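One file, protein03.pdb, carrying PDB, C-alpha atoms (C1' of nucleotides):
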ATOM      1  CA  MET A  18     -37.447  13.878 -40.059
ATOM      2  CA  MET A  19     -38.109  12.493 -36.608
ATOM      3  CA  LYS A  20     -36.583  13.723 -33.455
ATOM      4  CA  PRO A  21     -33.972  11.194 -32.330
ATOM      5  CA  VAL A  22     -35.192   8.827 -29.640
ATOM      6  CA  ARG A  23     -33.722   9.396 -26.215
ATOM      7  CA  THR A  24     -32.128   6.225 -24.951
ATOM      8  CA  PHE A  25     -31.115   5.697 -21.369
ATOM      9  CA  ALA A  26     -27.555   5.985 -22.548
ATOM     10  CA  ASP A  27     -28.267   9.578 -23.410
ATOM     11  CA  GLY A  28     -26.274  12.038 -21.401
ATOM     12  CA  LEU A  29     -29.116  14.405 -20.629
ATOM     13  CA  ALA A  30     -31.326  11.610 -19.312
ATOM     14  CA  ARG A  31     -28.525  10.202 -17.211
ATOM     15  CA  LEU A  32     -27.853  13.521 -15.572
ATOM     16  CA  ARG A  33     -31.548  14.199 -14.997
ATOM     17  CA  ASN A  34     -31.879  10.752 -13.451
ATOM     18  CA  VAL A  35     -29.350  11.507 -10.771
ATOM     19  CA  GLY A  36     -30.339  15.117 -10.255
ATOM     20  CA  LEU A  37     -27.263  16.792 -11.682
ATOM     21  CA  ARG A  38     -27.727  19.902 -13.791
ATOM     22  CA  PRO A  39     -26.969  19.127 -17.405
ATOM     23  CA  THR A  40     -24.286  21.680 -18.009
ATOM     24  CA  ARG A  41     -22.322  21.821 -21.224
ATOM     25  CA  GLN A  42     -19.293  20.299 -19.482
ATOM     26  CA  ARG A  43     -21.128  17.468 -17.771
ATOM     27  CA  LEU A  44     -22.954  16.559 -20.960
ATOM     28  CA  ALA A  45     -19.736  16.465 -22.951
ATOM     29  CA  LEU A  46     -17.954  14.366 -20.347
ATOM     30  CA  ALA A  47     -20.927  11.998 -20.079
ATOM     31  CA  ASP A  48     -20.820  11.561 -23.850
ATOM     32  CA  LEU A  49     -17.149  10.702 -23.762
ATOM     33  CA  LEU A  50     -17.592   8.355 -20.816
ATOM     34  CA  PHE A  51     -20.752   6.524 -21.781
ATOM     35  CA  GLY A  52     -20.684   6.908 -25.536
ATOM     36  CA  GLU A  53     -19.280   3.504 -26.302
ATOM     37  CA  GLY A  54     -18.924   0.435 -24.120
ATOM     38  CA  ASP A  55     -17.224   0.133 -20.769
ATOM     39  CA  ARG A  56     -14.257   2.319 -20.051
ATOM     40  CA  HIS A  57     -11.574   2.921 -17.441
ATOM     41  CA  VAL A  58     -10.356   6.479 -17.383
ATOM     42  CA  THR A  59      -8.213   8.726 -15.260
ATOM     43  CA  ALA A  60      -9.043  12.387 -14.794
ATOM     44  CA  GLU A  61      -6.057  13.463 -16.840
ATOM     45  CA  ALA A  62      -6.900  11.085 -19.659
ATOM     46  CA  LEU A  63     -10.492  12.238 -19.835
ATOM     47  CA  HIS A  64      -9.382  15.843 -19.803
ATOM     48  CA  GLY A  65      -7.068  15.056 -22.694
ATOM     49  CA  GLU A  66      -9.886  13.437 -24.646
ATOM     50  CA  ALA A  67     -12.123  16.404 -24.062
ATOM     51  CA  GLU A  68      -9.465  18.731 -25.411
ATOM     52  CA  LEU A  69      -9.032  16.540 -28.482
ATOM     53  CA  ALA A  70     -12.770  16.576 -28.999
ATOM     54  CA  GLY A  71     -12.701  20.349 -28.854
ATOM     55  CA  VAL A  72     -14.576  20.550 -25.560
ATOM     56  CA  ARG A  73     -13.387  23.382 -23.368
ATOM     57  CA  VAL A  74     -13.362  22.109 -19.795
ATOM     58  CA  SER A  75     -10.907  22.636 -16.991
ATOM     59  CA  LEU A  76      -9.101  19.804 -15.250
ATOM     60  CA  ALA A  77     -10.666  20.864 -11.952
ATOM     61  CA  THR A  78     -14.107  20.426 -13.447
ATOM     62  CA  VAL A  79     -13.172  17.006 -14.767
ATOM     63  CA  TYR A  80     -12.185  15.972 -11.251
ATOM     64  CA  ASN A  81     -15.356  17.420  -9.779
ATOM     65  CA  THR A  82     -17.502  15.770 -12.405
ATOM     66  CA  LEU A  83     -15.895  12.362 -11.993
ATOM     67  CA  HIS A  84     -16.519  12.501  -8.258
ATOM     68  CA  GLN A  85     -20.069  13.699  -8.678
ATOM     69  CA  PHE A  86     -20.753  10.914 -11.165
ATOM     70  CA  THR A  87     -19.218   8.421  -8.763
ATOM     71  CA  GLU A  88     -21.339   9.625  -5.868
ATOM     72  CA  ALA A  89     -24.365   9.439  -8.098
ATOM     73  CA  GLY A  90     -23.573   5.835  -8.947
ATOM     74  CA  LEU A  91     -22.791   6.436 -12.603
ATOM     75  CA  LEU A  92     -19.154   5.537 -12.104
ATOM     76  CA  ARG A  93     -17.126   3.393  -9.807
ATOM     77  CA  GLU A  94     -13.673   4.188  -8.503
ATOM     78  CA  VAL A  95     -11.017   1.512  -8.805
ATOM     79  CA  VAL A  96      -7.759   1.699  -6.902
ATOM     80  CA  VAL A  97      -4.967  -0.450  -8.266
ATOM     81  CA  ASP A  98      -2.036   1.852  -8.443
ATOM     82  CA  ALA A  99      -0.800   4.409  -5.976
ATOM     83  CA  GLY A 100      -1.019   7.907  -7.315
ATOM     84  CA  CYS A 101      -3.615   7.241  -9.967
ATOM     85  CA  CYS A 102      -7.368   6.941  -9.744
ATOM     86  CA  TYR A 103      -9.313   5.009 -12.315
ATOM     87  CA  PHE A 104     -13.004   5.507 -12.879
ATOM     88  CA  ASP A 105     -14.913   2.580 -14.309
ATOM     89  CA  THR A 106     -18.084   3.111 -16.313
ATOM     90  CA  ASN A 107     -19.118  -0.436 -15.503
ATOM     91  CA  VAL A 108     -20.769  -0.162 -12.121
ATOM     92  CA  SER A 109     -21.998  -3.740 -11.965
ATOM     93  CA  ASP A 110     -20.366  -6.301  -9.703
ATOM     94  CA  HIS A 111     -17.148  -7.401 -11.390
ATOM     95  CA  HIS A 112     -13.397  -7.640 -11.003
ATOM     96  CA  HIS A 113     -10.277  -6.534 -12.841
ATOM     97  CA  PHE A 114      -7.125  -7.480 -14.623
ATOM     98  CA  PHE A 115      -4.333  -4.989 -14.080
ATOM     99  CA  PHE A 116      -1.351  -4.870 -16.434
ATOM    100  CA  GLU A 117       1.554  -3.913 -14.212
ATOM    101  CA  GLY A 118       3.742  -2.915 -17.122
ATOM    102  CA  THR A 119       1.411  -0.445 -18.777
ATOM    103  CA  GLY A 120      -0.914   0.447 -15.936
ATOM    104  CA  ARG A 121      -3.897  -0.609 -18.022
ATOM    105  CA  LEU A 122      -7.044  -1.918 -16.394
ATOM    106  CA  GLN A 123      -9.457  -4.411 -17.926
ATOM    107  CA  ASP A 124     -12.742  -5.859 -16.739
ATOM    108  CA  ILE A 125     -12.854  -9.555 -16.113
ATOM    109  CA  ALA A 126     -15.653 -10.681 -18.366
ATOM    110  CA  GLY A 127     -18.421 -12.935 -17.172
ATOM    111  CA  SER A 128     -18.863 -13.726 -13.541
ATOM    112  CA  SER A 129     -16.986 -17.008 -13.513
ATOM    113  CA  LEU A 130     -14.541 -15.814 -10.916
ATOM    114  CA  SER A 131     -15.830 -16.015  -7.388
ATOM    115  CA  VAL A 132     -14.525 -15.575  -3.888
ATOM    116  CA  THR A 133     -15.463 -18.383  -1.545
ATOM    117  CA  ASP A 134     -15.297 -18.792   2.212
ATOM    118  CA  LEU A 135     -15.477 -15.091   2.763
ATOM    119  CA  PRO A 136     -14.472 -14.500   6.385
ATOM    120  CA  ALA A 137     -16.912 -12.803   8.712
ATOM    121  CA  PRO A 138     -16.200  -9.090   8.930
ATOM    122  CA  PRO A 139     -14.571  -7.954  12.167
ATOM    123  CA  GLU A 140     -16.858  -6.992  15.024
ATOM    124  CA  GLY A 141     -18.680  -3.741  14.355
ATOM    125  CA  ALA A 142     -18.006  -3.620  10.653
ATOM    126  CA  SER A 143     -19.834  -4.822   7.595
ATOM    127  CA  ILE A 144     -18.678  -5.554   4.101
ATOM    128  CA  SER A 145     -19.075  -2.721   1.675
ATOM    129  CA  ARG A 146     -17.384  -4.357  -1.305
ATOM    130  CA  VAL A 147     -15.014  -7.137  -2.265
ATOM    131  CA  ASP A 148     -12.424  -6.200  -4.839
ATOM    132  CA  VAL A 149     -10.361  -8.735  -6.707
ATOM    133  CA  VAL A 150      -7.462  -7.555  -8.823
ATOM    134  CA  ILE A 151      -5.491 -10.007 -10.910
ATOM    135  CA  ARG A 152      -2.115  -8.426 -11.501
ATOM    136  CA  LEU A 153      -0.518  -9.370 -14.786
ATOM    137  CA  ARG A 154       2.983  -9.218 -16.075
ATOM    138  CA  GLU A 155       3.541  -9.114 -19.805
ATOM    139  CA  ASP A 156       5.439 -12.173 -21.019
ATOM    140  CA  GLY A 157       8.953 -11.889 -22.387
ATOM    141  CA  LYS A 158       9.709  -8.572 -20.823
TER     142      LYS A 158
ATOM    143  CA  MET B  25      27.067 -14.403  30.023
ATOM    144  CA  MET B  26      26.521 -15.752  26.537
ATOM    145  CA  LYS B  27      26.349 -13.679  23.426
ATOM    146  CA  PRO B  28      22.712 -13.452  22.383
ATOM    147  CA  VAL B  29      21.727 -15.920  19.705
ATOM    148  CA  ARG B  30      21.052 -14.394  16.308
ATOM    149  CA  THR B  31      17.574 -15.275  15.206
ATOM    150  CA  PHE B  32      16.403 -14.847  11.659
ATOM    151  CA  ALA B  33      14.263 -11.999  12.911
ATOM    152  CA  ASP B  34      17.396 -10.099  13.718
ATOM    153  CA  GLY B  35      17.832  -6.966  11.670
ATOM    154  CA  LEU B  36      21.475  -7.477  10.846
ATOM    155  CA  ALA B  37      20.890 -11.020   9.635
ATOM    156  CA  ARG B  38      17.930  -9.958   7.542
ATOM    157  CA  LEU B  39      19.896  -7.262   5.809
ATOM    158  CA  ARG B  40      22.887  -9.545   5.233
ATOM    159  CA  ASN B  41      20.551 -12.156   3.809
ATOM    160  CA  VAL B  42      19.357  -9.859   1.084
ATOM    161  CA  GLY B  43      22.658  -8.145   0.462
ATOM    162  CA  LEU B  44      21.858  -4.711   1.831
ATOM    163  CA  ARG B  45      24.505  -2.901   3.824
ATOM    164  CA  PRO B  46      23.476  -2.775   7.460
ATOM    165  CA  THR B  47      23.558   0.955   7.987
ATOM    166  CA  ARG B  48      22.356   2.557  11.179
ATOM    167  CA  GLN B  49      19.166   3.729   9.470
ATOM    168  CA  ARG B  50      18.289   0.411   7.852
ATOM    169  CA  LEU B  51      18.907  -1.468  11.080
ATOM    170  CA  ALA B  52      16.694   0.890  13.039
ATOM    171  CA  LEU B  53      13.900   0.711  10.475
ATOM    172  CA  ALA B  54      14.171  -3.071  10.301
ATOM    173  CA  ASP B  55      13.826  -3.199  14.081
ATOM    174  CA  LEU B  56      10.708  -1.083  13.994
ATOM    175  CA  LEU B  57       9.236  -3.061  11.121
ATOM    176  CA  PHE B  58      10.042  -6.593  12.156
ATOM    177  CA  GLY B  59      10.321  -6.207  15.897
ATOM    178  CA  GLU B  60       6.884  -7.474  16.737
ATOM    179  CA  GLY B  61       4.358  -9.323  14.614
ATOM    180  CA  ASP B  62       2.921  -8.342  11.273
ATOM    181  CA  ARG B  63       2.507  -4.699  10.467
ATOM    182  CA  HIS B  64       1.124  -2.379   7.826
ATOM    183  CA  VAL B  65       2.913   0.920   7.670
ATOM    184  CA  THR B  66       3.075   3.963   5.479
ATOM    185  CA  ALA B  67       6.320   5.818   4.895
ATOM    186  CA  GLU B  68       5.131   8.800   6.895
ATOM    187  CA  ALA B  69       3.994   6.652   9.799
ATOM    188  CA  LEU B  70       7.286   4.773   9.962
ATOM    189  CA  HIS B  71       9.191   8.023   9.823
ATOM    190  CA  GLY B  72       7.101   9.270  12.723
ATOM    191  CA  GLU B  73       7.840   6.138  14.746
ATOM    192  CA  ALA B  74      11.530   6.488  14.069
ATOM    193  CA  GLU B  75      11.474  10.051  15.360
ATOM    194  CA  LEU B  76       9.622   8.980  18.489
ATOM    195  CA  ALA B  77      12.201   6.249  19.002
ATOM    196  CA  GLY B  78      14.920   8.851  18.738
ATOM    197  CA  VAL B  79      16.279   7.526  15.461
ATOM    198  CA  ARG B  80      17.543  10.239  13.168
ATOM    199  CA  VAL B  81      16.518   9.305   9.636
ATOM    200  CA  SER B  82      15.193  11.421   6.813
ATOM    201  CA  LEU B  83      11.858  10.795   5.150
ATOM    202  CA  ALA B  84      13.632  10.271   1.827
ATOM    203  CA  THR B  85      15.663   7.481   3.362
ATOM    204  CA  VAL B  86      12.530   5.898   4.777
ATOM    205  CA  TYR B  87      11.049   5.839   1.278
ATOM    206  CA  ASN B  88      14.241   4.438  -0.204
ATOM    207  CA  THR B  89      14.503   1.809   2.485
ATOM    208  CA  LEU B  90      10.900   0.687   2.164
ATOM    209  CA  HIS B  91      11.362   0.236  -1.562
ATOM    210  CA  GLN B  92      14.659  -1.585  -1.158
ATOM    211  CA  PHE B  93      13.100  -3.903   1.416
ATOM    212  CA  THR B  94      10.200  -4.501  -0.931
ATOM    213  CA  GLU B  95      12.480  -5.330  -3.839
ATOM    214  CA  ALA B  96      14.425  -7.641  -1.577
ATOM    215  CA  GLY B  97      11.230  -9.461  -0.641
ATOM    216  CA  LEU B  98      11.217  -8.397   3.002
ATOM    217  CA  LEU B  99       8.089  -6.330   2.481
ATOM    218  CA  ARG B 100       5.104  -6.322   0.217
ATOM    219  CA  GLU B 101       3.354  -3.268  -1.132
ATOM    220  CA  VAL B 102      -0.419  -3.099  -0.788
ATOM    221  CA  VAL B 103      -2.504  -0.601  -2.723
ATOM    222  CA  VAL B 104      -5.964   0.042  -1.343
ATOM    223  CA  ASP B 105      -6.240   3.762  -1.241
ATOM    224  CA  ALA B 106      -5.237   6.354  -3.787
ATOM    225  CA  GLY B 107      -2.502   8.581  -2.529
ATOM    226  CA  CYS B 108      -1.194   6.272   0.161
ATOM    227  CA  CYS B 109       1.111   3.270  -0.026
ATOM    228  CA  TYR B 110       1.042   0.592   2.614
ATOM    229  CA  PHE B 111       3.913  -1.772   3.209
ATOM    230  CA  ASP B 112       3.079  -5.123   4.738
ATOM    231  CA  THR B 113       5.633  -7.071   6.744
ATOM    232  CA  ASN B 114       3.694 -10.244   6.030
ATOM    233  CA  VAL B 115       4.976 -11.352   2.650
ATOM    234  CA  SER B 116       3.166 -14.669   2.574
ATOM    235  CA  ASP B 117       0.163 -15.242   0.347
ATOM    236  CA  HIS B 118      -2.796 -13.557   2.034
ATOM    237  CA  HIS B 119      -5.517 -10.961   1.606
ATOM    238  CA  HIS B 120      -6.794  -7.879   3.409
ATOM    239  CA  PHE B 121      -9.594  -6.152   5.187
ATOM    240  CA  PHE B 122      -9.653  -2.428   4.576
ATOM    241  CA  PHE B 123     -11.557  -0.093   6.914
ATOM    242  CA  GLU B 124     -12.818   2.648   4.634
ATOM    243  CA  GLY B 125     -13.515   4.993   7.510
ATOM    244  CA  THR B 126     -10.118   4.972   9.131
ATOM    245  CA  GLY B 127      -7.900   3.807   6.298
ATOM    246  CA  ARG B 128      -6.680   0.931   8.417
ATOM    247  CA  LEU B 129      -5.533  -2.304   6.859
ATOM    248  CA  GLN B 130      -5.727  -5.752   8.451
ATOM    249  CA  ASP B 131      -4.593  -9.159   7.311
ATOM    250  CA  ILE B 132      -7.250 -11.766   6.746
ATOM    251  CA  ALA B 133      -6.154 -14.542   9.028
ATOM    252  CA  GLY B 134      -5.922 -18.121   7.915
ATOM    253  CA  SER B 135      -6.270 -19.096   4.297
ATOM    254  CA  SER B 136      -9.975 -19.822   4.372
ATOM    255  CA  LEU B 137     -10.762 -17.285   1.721
ATOM    256  CA  SER B 138     -10.090 -18.467  -1.784
ATOM    257  CA  VAL B 139     -10.671 -17.294  -5.309
ATOM    258  CA  THR B 140     -12.124 -19.922  -7.592
ATOM    259  CA  ASP B 141     -12.563 -20.157 -11.340
ATOM    260  CA  LEU B 142      -9.723 -17.796 -11.970
ATOM    261  CA  PRO B 143     -10.022 -16.714 -15.603
ATOM    262  CA  ALA B 144      -7.153 -17.428 -17.969
ATOM    263  CA  PRO B 145      -4.890 -14.395 -18.253
ATOM    264  CA  PRO B 146      -5.177 -12.484 -21.535
ATOM    265  CA  GLU B 147      -2.947 -13.578 -24.380
ATOM    266  CA  GLY B 148       0.699 -12.736 -23.778
ATOM    267  CA  ALA B 149       0.356 -12.089 -20.077
ATOM    268  CA  SER B 150       0.705 -14.186 -16.968
ATOM    269  CA  ILE B 151      -0.568 -13.765 -13.483
ATOM    270  CA  SER B 152       1.811 -12.099 -11.097
ATOM    271  CA  ARG B 153      -0.507 -11.913  -8.108
ATOM    272  CA  VAL B 154      -4.141 -12.001  -7.104
ATOM    273  CA  ASP B 155      -5.170  -9.395  -4.572
ATOM    274  CA  VAL B 156      -8.423  -9.535  -2.679
ATOM    275  CA  VAL B 157      -9.487  -6.566  -0.608
ATOM    276  CA  ILE B 158     -12.606  -6.724   1.510
ATOM    277  CA  ARG B 159     -13.707  -3.148   2.047
ATOM    278  CA  LEU B 160     -15.453  -2.539   5.335
ATOM    279  CA  ARG B 161     -17.675   0.187   6.569
ATOM    280  CA  GLU B 162     -17.950   0.728  10.297
ATOM    281  CA  ASP B 163     -21.470   0.085  11.562
ATOM    282  CA  GLY B 164     -23.612   2.886  12.888
ATOM    283  CA  LYS B 165     -21.747   5.684  11.224
TER     284      LYS B 165
ATOM    285  C1'  DG C   3     -33.020  36.798  -9.993
ATOM    286  C1'  DT C   4     -31.160  33.004  -7.278
ATOM    287  C1'  DG C   5     -28.529  29.295  -6.465
ATOM    288  C1'  DT C   6     -25.378  26.206  -8.966
ATOM    289  C1'  DT C   7     -21.418  25.404 -11.594
ATOM    290  C1'  DT C   8     -17.138  26.682 -13.716
ATOM    291  C1'  DG C   9     -12.284  28.154 -14.395
ATOM    292  C1'  DC C  10      -8.306  29.729 -12.693
ATOM    293  C1'  DA C  11      -4.493  29.827  -9.968
ATOM    294  C1'  DA C  12      -2.850  28.725  -5.639
ATOM    295  C1'  DA C  13      -2.223  25.447  -2.147
ATOM    296  C1'  DG C  14      -1.882  20.672  -0.614
ATOM    297  C1'  DT C  15      -0.377  15.816  -0.435
ATOM    298  C1'  DG C  16       2.569  12.152  -0.954
ATOM    299  C1'  DT C  17       6.634  10.777  -3.418
ATOM    300  C1'  DT C  18      10.988  11.088  -6.076
ATOM    301  C1'  DT C  19      15.420  13.105  -7.456
ATOM    302  C1'  DG C  20      20.136  15.381  -7.719
ATOM    303  C1'  DC C  21      24.009  16.046  -5.465
ATOM    304  C1'  DA C  22      27.433  17.025  -1.845
ATOM    305  C1'  DA C  23      28.697  15.100   2.514
ATOM    306  C1'  DT C  24      29.035  10.941   5.150
ATOM    307  C1'  DT C  25      29.528   6.201   6.065
ATOM    308  C1'  DT C  26      30.661   1.292   5.138
ATOM    309  C1'  DA C  27      33.665  -2.337   3.796
TER     310       DA C  27
ATOM    311  C1'  DT D   4      40.096   4.566  -0.687
ATOM    312  C1'  DA D   5      36.292   3.231  -3.475
ATOM    313  C1'  DA D   6      31.644   2.447  -3.627
ATOM    314  C1'  DA D   7      27.302   2.723  -1.353
ATOM    315  C1'  DT D   8      24.230   5.415   1.420
ATOM    316  C1'  DT D   9      22.299   9.495   3.460
ATOM    317  C1'  DG D  10      20.062  14.113   4.068
ATOM    318  C1'  DC D  11      18.488  18.067   2.260
ATOM    319  C1'  DA D  12      15.916  20.844  -0.572
ATOM    320  C1'  DA D  13      13.983  21.228  -4.787
ATOM    321  C1'  DA D  14      11.154  19.126  -8.131
ATOM    322  C1'  DC D  15       7.272  16.301  -9.140
ATOM    323  C1'  DA D  16       2.602  14.358 -10.189
ATOM    324  C1'  DC D  17      -1.808  14.333  -8.962
ATOM    325  C1'  DT D  18      -5.641  16.301  -6.565
ATOM    326  C1'  DT D  19      -8.285  19.756  -3.961
ATOM    327  C1'  DT D  20      -9.719  24.442  -2.743
ATOM    328  C1'  DG D  21     -11.302  29.466  -2.707
ATOM    329  C1'  DC D  22     -13.454  32.714  -5.007
ATOM    330  C1'  DA D  23     -15.150  35.724  -8.748
ATOM    331  C1'  DA D  24     -17.411  35.250 -13.170
ATOM    332  C1'  DA D  25     -20.664  32.565 -15.952
ATOM    333  C1'  DC D  26     -24.573  29.733 -16.316
ATOM    334  C1'  DA D  27     -29.101  27.001 -15.527
ATOM    335  C1'  DC D  28     -33.584  27.236 -14.046
TER     336       DC D  28
END
Could the structure of this file be written out as structure tokens, please?
Amino acid sequence: MMKPVRTFADGLARLRNVGLRPTRQRLALADLLFGEGDRHVTAEALHGEAELAGVRVSLATVYNTLHQFTEAGLLREVVVDAGCCYFDTNVSDHHHFFFEGTGRLQDIAGSSLSVTDLPAPPEGASISRVDVVIRLREDGK
Amino acid sequence: MMKPVRTFADGLARLRNVGLRPTRQRLALADLLFGEGDRHVTAEALHGEAELAGVRVSLATVYNTLHQFTEAGLLREVVVDAGCCYFDTNVSDHHHFFFEGTGRLQDIAGSSLSVTDLPAPPEGASISRVDVVIRLREDGK
DNA sequence: GTGTTTGCAAAGTGTTTGCAATTTA
DNA sequence: TAAATTGCAAACACTTTGCAAACAC
């Protein structure tokens, strides 16, 4: 039987790539985060998932890890709701739908949407990112 | 001497217009908020201003008032930073610059900026608002 | 071994709530 | 006087921190 091939999606490789020690906790969280498709998670939610998956990890470590991953460019922070930080596993240039009722976040697929006539940044500042959030209300509620 | 003319900017008129009792606290806060041009305030900041102005009002009342004003359409809530709510006295359709370094918020003047090719909202939802935030980093820092 | 990472519990921040006292109409 | 509003202090949710024990290299 062959050793499984290491893909780039592999947790160990990801951590090595950004110079973070592959600890048990980081590997488990990376698996949860990058295991399947793009995700938007909060620290609490990810901690809950870890517990369900039988991974022993403290909430403090989840917070630390999410921030380390964000600094390393593996995640992107999205602010749409006061008092709640989302981390997006899709770090490419894209925008979001936000469901006001449920607090759910969803990537806007494709890159159809665009912002035109961007104003010049104020004197002494430069643009670090342009965020577009389309806020949605559920019909018939 | 003539009685001063009541403009729409007047606190009392504003409160009457939206059916809120013109209490001492609400009048004072309305003065601070709408007294001069467009503003972006946090609850804490407004509470601080009130104290400086010699207005006795509790922080809880500032929070209540900001939310009541928002519900009444006198203010608009802007979320750009986790753990900090801004209230904008400009309730017309517009977008924002956000200075990441200082946490300051600034209206984007004019309506030059526009979002094109807005995607259709997901099934069962409709668009409540489109927010664009241009995040800025101060040069040379 | 040495420096990094973790977990815990405590502290911190910003916000909301319950309720008696006060104010408005 | 009846209903709305306020202030206080306590409760809250979420996040960060300090430090000793555990771990990775």
| task | Return as a PyMOL selection string the set of residues that the PyMOL selection byres ((chain A and resi 30-35) around 12) yields on the displayed structure. | result | chain A and resi 22-29+36-48+50-52+82+85-92
Mind dumping the selected residues with C-alpha atoms as a JSON list (two decimals), keeping the file's coordinate frame?
[["chain", "number", "residue", "atom", "x", "y", "z"],
["A", 22, "VAL", "CA", -35.19, 8.83, -29.64],
["A", 23, "ARG", "CA", -33.72, 9.40, -26.22],
["A", 24, "THR", "CA", -32.13, 6.22, -24.95],
["A", 25, "PHE", "CA", -31.12, 5.70, -21.37],
["A", 26, "ALA", "CA", -27.56, 5.98, -22.55],
["A", 27, "ASP", "CA", -28.27, 9.58, -23.41],
["A", 28, "GLY", "CA", -26.27, 12.04, -21.40],
["A", 29, "LEU", "CA", -29.12, 14.40, -20.63],
["A", 36, "GLY", "CA", -30.34, 15.12, -10.26],
["A", 37, "LEU", "CA", -27.26, 16.79, -11.68],
["A", 38, "ARG", "CA", -27.73, 19.90, -13.79],
["A", 39, "PRO", "CA", -26.97, 19.13, -17.40],
["A", 40, "THR", "CA", -24.29, 21.68, -18.01],
["A", 41, "ARG", "CA", -22.32, 21.82, -21.22],
["A", 42, "GLN", "CA", -19.29, 20.30, -19.48],
["A", 43, "ARG", "CA", -21.13, 17.47, -17.77],
["A", 44, "LEU", "CA", -22.95, 16.56, -20.96],
["A", 45, "ALA", "CA", -19.74, 16.46, -22.95],
["A", 46, "LEU", "CA", -17.95, 14.37, -20.35],
["A", 47, "ALA", "CA", -20.93, 12.00, -20.08],
["A", 48, "ASP", "CA", -20.82, 11.56, -23.85],
["A", 50, "LEU", "CA", -17.59, 8.36, -20.82],
["A", 51, "PHE", "CA", -20.75, 6.52, -21.78],
["A", 52, "GLY", "CA", -20.68, 6.91, -25.54],
["A", 82, "THR", "CA", -17.50, 15.77, -12.40],
["A", 85, "GLN", "CA", -20.07, 13.70, -8.68],
["A", 86, "PHE", "CA", -20.75, 10.91, -11.16],
["A", 87, "THR", "CA", -19.22, 8.42, -8.76],
["A", 88, "GLU", "CA", -21.34, 9.62, -5.87],
["A", 89, "ALA", "CA", -24.36, 9.44, -8.10],
["A", 90, "GLY", "CA", -23.57, 5.84, -8.95],
["A", 91, "LEU", "CA", -22.79, 6.44, -12.60],
["A", 92, "LEU", "CA", -19.15, 5.54, -12.10]]
| said: Report as a PyMOL selection string all protein, DNA and RNA residues lying within 10 Å of region 11-25 of chain C, evaluated on all atoms listed in the file, omitting residues in the same chain fewer than 3 positions from it. | reply: (chain A and resi 99-100) or (chain B and resi 47-48+67-68+84+87-88+107-109) or (chain D and resi 7-21)
| remark: What separates CA of Asp112 (chain B) and CA of Asp131 (chain B) is a distance of 9.0 Å
| Counting only C-alpha atoms (C1' of nucleotides), which residues of chain C come no farther than 10 Å from chain A, as a PyMOL selection string? | chain C and resi 6-10+16-17
| task | Calculate how many Å separate CA of Gly120 (chain A) from CA of Phe123 (chain B), rounding to one decimal. | result | 25.2 Å
